[in-house]
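Let me begin by presenting the structure, written as structure tokens, before commenting on it.
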Amino acid sequence: RSDPGFYRVEKSYLSVSNSDALAQGYRGVKSYYYHGSGLIDFHIALGLIPSRHRELNYTNWLHGLGSRFALHSLLGVRYFISKQPIDWPGFNLIAQGGGLNLYANEFALPLGIVQYQQLDRARFDTLPLEAKDAVLMRAAITQHRASLAVAA
């Protein structure tokens, strides 16, 4: 409540049925809205959605980012609530209580950012997961590398 900004809160555990966001006064969610197979395929390539899952429909939500702290920063997660202690770069413990640990992410990016570099999707798909996370912090992934004309 002391932070008037616009940001995301994420959790390391599932608690949708507890309505904890409403009770605790924040707007953190694990839901993401999808519009097409291209975005779903991209999240499969990131290892965020199982490529084939017969029991659950992963087309409109992610099960979480796990310990991939760079992705939390990229998605604008400013505060992170965890039942277990975490030791991630830039995540500073600011409160504890009720079996929960609250961390502030000093590397959280705004929800809208501009990327000045790009990498084509074919090259991106060949990278290991750790490298993909690092690339996403620095570059936009495009279907085909485009040349940008700069007006003088």
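In the structure tokens, the first chain shown is A, the next is B, and so on; residue numbers restart at 1 for each chain, and ligands run from 1 in the order shown.
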
**Request:** Would you kindly return, as JSON, numbers by chain, each protein, DNA or RNA residue with an atom no farther than 10 Å from any atom of Ala134 (chain A), considering only C-alpha atoms and excluding same-chain residues fewer than 3 positions away?
**Result:** {"A": [70, 71, 74, 129, 130, 131, 137, 138, 139]}

**Asked** Nearest to Pro110 (chain A): which of A:His43, A:Lys11, A:Arg68, A:Arg78 is it, counting only C-alpha atoms?
**Response** A:Arg78

**Request:** Report the distance between CA of Ala104 (chain A) and CA of Pro85 (chain A) in Å, rounded to one decimal place.
**Result:** 13.0 Å

**Prompt:** Can you list, as a list in words, every protein, DNA or RNA residue that comes within 12 Å of Ile86 (chain A) when you count only C-alpha atoms, leaving out same-chain residues fewer than 4 positions away?
**Reply:** Lys11, Ser12, Gly66, Ser67, Arg68, Phe69, Phe80, Ile81, Ser82, Gly90, Phe91, Asn92, Leu93, Leu100, Asn101, Leu102, Tyr103, Ala104 and Asn105 of chain A

Write a file of the just-selected residues containing N, CA, C and O atoms, as a PDB file, in the first residue's frame.
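Final output, saved to again-v4.pdb:
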ATOM      1  N   LYS A  11       4.045 -14.510  -6.891  1.00  0.00           N
ATOM      2  CA  LYS A  11       4.175 -15.420  -5.765  1.00  0.00           C
ATOM      3  C   LYS A  11       4.879 -16.694  -6.218  1.00  0.00           C
ATOM      4  O   LYS A  11       4.822 -17.040  -7.395  1.00  0.00           O
ATOM      5  N   SER A  12       5.488 -17.379  -5.280  1.00  0.00           N
ATOM      6  CA  SER A  12       6.142 -18.648  -5.601  1.00  0.00           C
ATOM      7  C   SER A  12       5.208 -19.827  -5.351  1.00  0.00           C
ATOM      8  O   SER A  12       5.615 -20.962  -5.447  1.00  0.00           O
ATOM      9  N   GLY A  66       9.106 -19.784 -11.894  1.00  0.00           N
ATOM     10  CA  GLY A  66      10.082 -20.494 -11.078  1.00  0.00           C
ATOM     11  C   GLY A  66      11.184 -19.575 -10.604  1.00  0.00           C
ATOM     12  O   GLY A  66      10.943 -18.431 -10.230  1.00  0.00           O
ATOM     13  N   SER A  67      12.405 -20.059 -10.658  1.00  0.00           N
ATOM     14  CA  SER A  67      13.550 -19.280 -10.163  1.00  0.00           C
ATOM     15  C   SER A  67      14.209 -18.448 -11.259  1.00  0.00           C
ATOM     16  O   SER A  67      15.310 -17.944 -11.060  1.00  0.00           O
ATOM     17  N   ARG A  68      13.548 -18.268 -12.370  1.00  0.00           N
ATOM     18  CA  ARG A  68      14.131 -17.503 -13.485  1.00  0.00           C
ATOM     19  C   ARG A  68      13.932 -16.007 -13.215  1.00  0.00           C
ATOM     20  O   ARG A  68      13.088 -15.340 -13.775  1.00  0.00           O
ATOM     21  N   PHE A  69      14.772 -15.492 -12.311  1.00  0.00           N
ATOM     22  CA  PHE A  69      14.617 -14.142 -11.787  1.00  0.00           C
ATOM     23  C   PHE A  69      14.685 -13.061 -12.858  1.00  0.00           C
ATOM     24  O   PHE A  69      14.049 -12.025 -12.736  1.00  0.00           O
ATOM     25  N   PHE A  80       7.856  -9.739  -4.707  1.00  0.00           N
ATOM     26  CA  PHE A  80       7.768 -11.183  -4.833  1.00  0.00           C
ATOM     27  C   PHE A  80       7.487 -11.776  -3.464  1.00  0.00           C
ATOM     28  O   PHE A  80       8.202 -11.491  -2.502  1.00  0.00           O
ATOM     29  N   ILE A  81       6.432 -12.582  -3.367  1.00  0.00           N
ATOM     30  CA  ILE A  81       6.051 -13.223  -2.115  1.00  0.00           C
ATOM     31  C   ILE A  81       6.385 -14.702  -2.210  1.00  0.00           C
ATOM     32  O   ILE A  81       6.003 -15.369  -3.166  1.00  0.00           O
ATOM     33  N   SER A  82       7.100 -15.202  -1.208  1.00  0.00           N
ATOM     34  CA  SER A  82       7.522 -16.599  -1.237  1.00  0.00           C
ATOM     35  C   SER A  82       7.366 -17.233   0.138  1.00  0.00           C
ATOM     36  O   SER A  82       7.581 -16.575   1.160  1.00  0.00           O
ATOM     37  N   GLY A  90      19.329  -8.969  -6.763  1.00  0.00           N
ATOM     38  CA  GLY A  90      18.415  -7.834  -6.804  1.00  0.00           C
ATOM     39  C   GLY A  90      17.136  -7.993  -6.014  1.00  0.00           C
ATOM     40  O   GLY A  90      16.381  -7.039  -5.859  1.00  0.00           O
ATOM     41  N   PHE A  91      16.846  -9.180  -5.483  1.00  0.00           N
ATOM     42  CA  PHE A  91      15.641  -9.392  -4.692  1.00  0.00           C
ATOM     43  C   PHE A  91      16.003  -9.256  -3.221  1.00  0.00           C
ATOM     44  O   PHE A  91      16.701 -10.097  -2.664  1.00  0.00           O
ATOM     45  N   ASN A  92      15.535  -8.175  -2.588  1.00  0.00           N
ATOM     46  CA  ASN A  92      15.890  -7.857  -1.210  1.00  0.00           C
ATOM     47  C   ASN A  92      14.711  -8.114  -0.281  1.00  0.00           C
ATOM     48  O   ASN A  92      13.604  -7.618  -0.523  1.00  0.00           O
ATOM     49  N   LEU A  93      14.958  -8.867   0.792  1.00  0.00           N
ATOM     50  CA  LEU A  93      13.922  -9.165   1.775  1.00  0.00           C
ATOM     51  C   LEU A  93      13.523  -7.875   2.486  1.00  0.00           C
ATOM     52  O   LEU A  93      14.365  -7.175   3.044  1.00  0.00           O
ATOM     53  N   LEU A 100       5.338 -16.097   5.327  1.00  0.00           N
ATOM     54  CA  LEU A 100       5.665 -15.550   4.005  1.00  0.00           C
ATOM     55  C   LEU A 100       6.844 -14.600   4.088  1.00  0.00           C
ATOM     56  O   LEU A 100       7.062 -13.939   5.106  1.00  0.00           O
ATOM     57  N   ASN A 101       7.590 -14.546   3.001  1.00  0.00           N
ATOM     58  CA  ASN A 101       8.710 -13.614   2.857  1.00  0.00           C
ATOM     59  C   ASN A 101       8.382 -12.672   1.706  1.00  0.00           C
ATOM     60  O   ASN A 101       8.003 -13.124   0.624  1.00  0.00           O
ATOM     61  N   LEU A 102       8.539 -11.374   1.924  1.00  0.00           N
ATOM     62  CA  LEU A 102       8.275 -10.383   0.896  1.00  0.00           C
ATOM     63  C   LEU A 102       9.593  -9.765   0.445  1.00  0.00           C
ATOM     64  O   LEU A 102      10.363  -9.265   1.259  1.00  0.00           O
ATOM     65  N   TYR A 103       9.826  -9.803  -0.867  1.00  0.00           N
ATOM     66  CA  TYR A 103      11.048  -9.276  -1.449  1.00  0.00           C
ATOM     67  C   TYR A 103      10.721  -8.117  -2.386  1.00  0.00           C
ATOM     68  O   TYR A 103       9.708  -8.140  -3.090  1.00  0.00           O
ATOM     69  N   ALA A 104      11.591  -7.123  -2.414  1.00  0.00           N
ATOM     70  CA  ALA A 104      11.501  -6.032  -3.392  1.00  0.00           C
ATOM     71  C   ALA A 104      12.558  -6.303  -4.448  1.00  0.00           C
ATOM     72  O   ALA A 104      13.713  -6.601  -4.123  1.00  0.00           O
ATOM     73  N   ASN A 105      12.186  -6.196  -5.715  1.00  0.00           N
ATOM     74  CA  ASN A 105      13.086  -6.467  -6.835  1.00  0.00           C
ATOM     75  C   ASN A 105      13.653  -5.153  -7.354  1.00  0.00           C
ATOM     76  O   ASN A 105      12.957  -4.380  -8.000  1.00  0.00           O
TER      77      ASN A 105
END

**Asked** Just how far from CA of Gly5 (chain A) is CA of Val114 (chain A), in Å to one decimal?
**Response** 19.2 Å

Can you pull out the residues contacting Leu109 (chain A)? Cut-off 8 Å, using only C-alpha atoms, and skip same-chain residues under 2 positions away; I want them as a JSON list (two decimals) with N, CA and C atoms, in the first residue's frame.
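The resulting part16.json:
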[["chain", "number", "residue", "atom", "x", "y", "z"],
["A", 73, "SER", "N", 11.96, -9.85, -13.56],
["A", 73, "SER", "CA", 12.31, -8.45, -13.77],
["A", 73, "SER", "C", 11.75, -7.94, -15.09],
["A", 74, "LEU", "N", 11.86, -8.73, -16.13],
["A", 74, "LEU", "CA", 11.37, -8.34, -17.45],
["A", 74, "LEU", "C", 9.85, -8.11, -17.44],
["A", 75, "LEU", "N", 9.12, -8.90, -16.66],
["A", 75, "LEU", "CA", 7.67, -8.76, -16.60],
["A", 75, "LEU", "C", 7.20, -7.70, -15.60],
["A", 76, "GLY", "N", 8.14, -6.94, -15.05],
["A", 76, "GLY", "CA", 7.77, -5.84, -14.17],
["A", 76, "GLY", "C", 7.38, -6.28, -12.77],
["A", 77, "VAL", "N", 7.87, -7.43, -12.30],
["A", 77, "VAL", "CA", 7.57, -7.90, -10.95],
["A", 77, "VAL", "C", 8.42, -7.09, -9.97],
["A", 107, "PHE", "N", 15.65, -4.73, -9.71],
["A", 107, "PHE", "CA", 15.86, -4.76, -11.16],
["A", 107, "PHE", "C", 14.56, -4.81, -11.96],
["A", 111, "LEU", "N", 6.42, -1.77, -16.93],
["A", 111, "LEU", "CA", 5.60, -2.69, -17.72],
["A", 111, "LEU", "C", 5.68, -2.41, -19.21],
["A", 112, "GLY", "N", 6.16, -1.24, -19.60],
["A", 112, "GLY", "CA", 6.39, -0.93, -21.01],
["A", 112, "GLY", "C", 7.84, -0.48, -21.19],
["A", 113, "ILE", "N", 8.58, -1.21, -22.02],
["A", 113, "ILE", "CA", 9.98, -0.84, -22.27],
["A", 113, "ILE", "C", 10.24, -0.79, -23.78]]

**Prompt:** Quick one: of A:Asp133, A:Asp120, A:Asp125, A:Glu106, who's nearest to Tyr79 (chain A), counting only C-alpha atoms?
**Reply:** A:Glu106
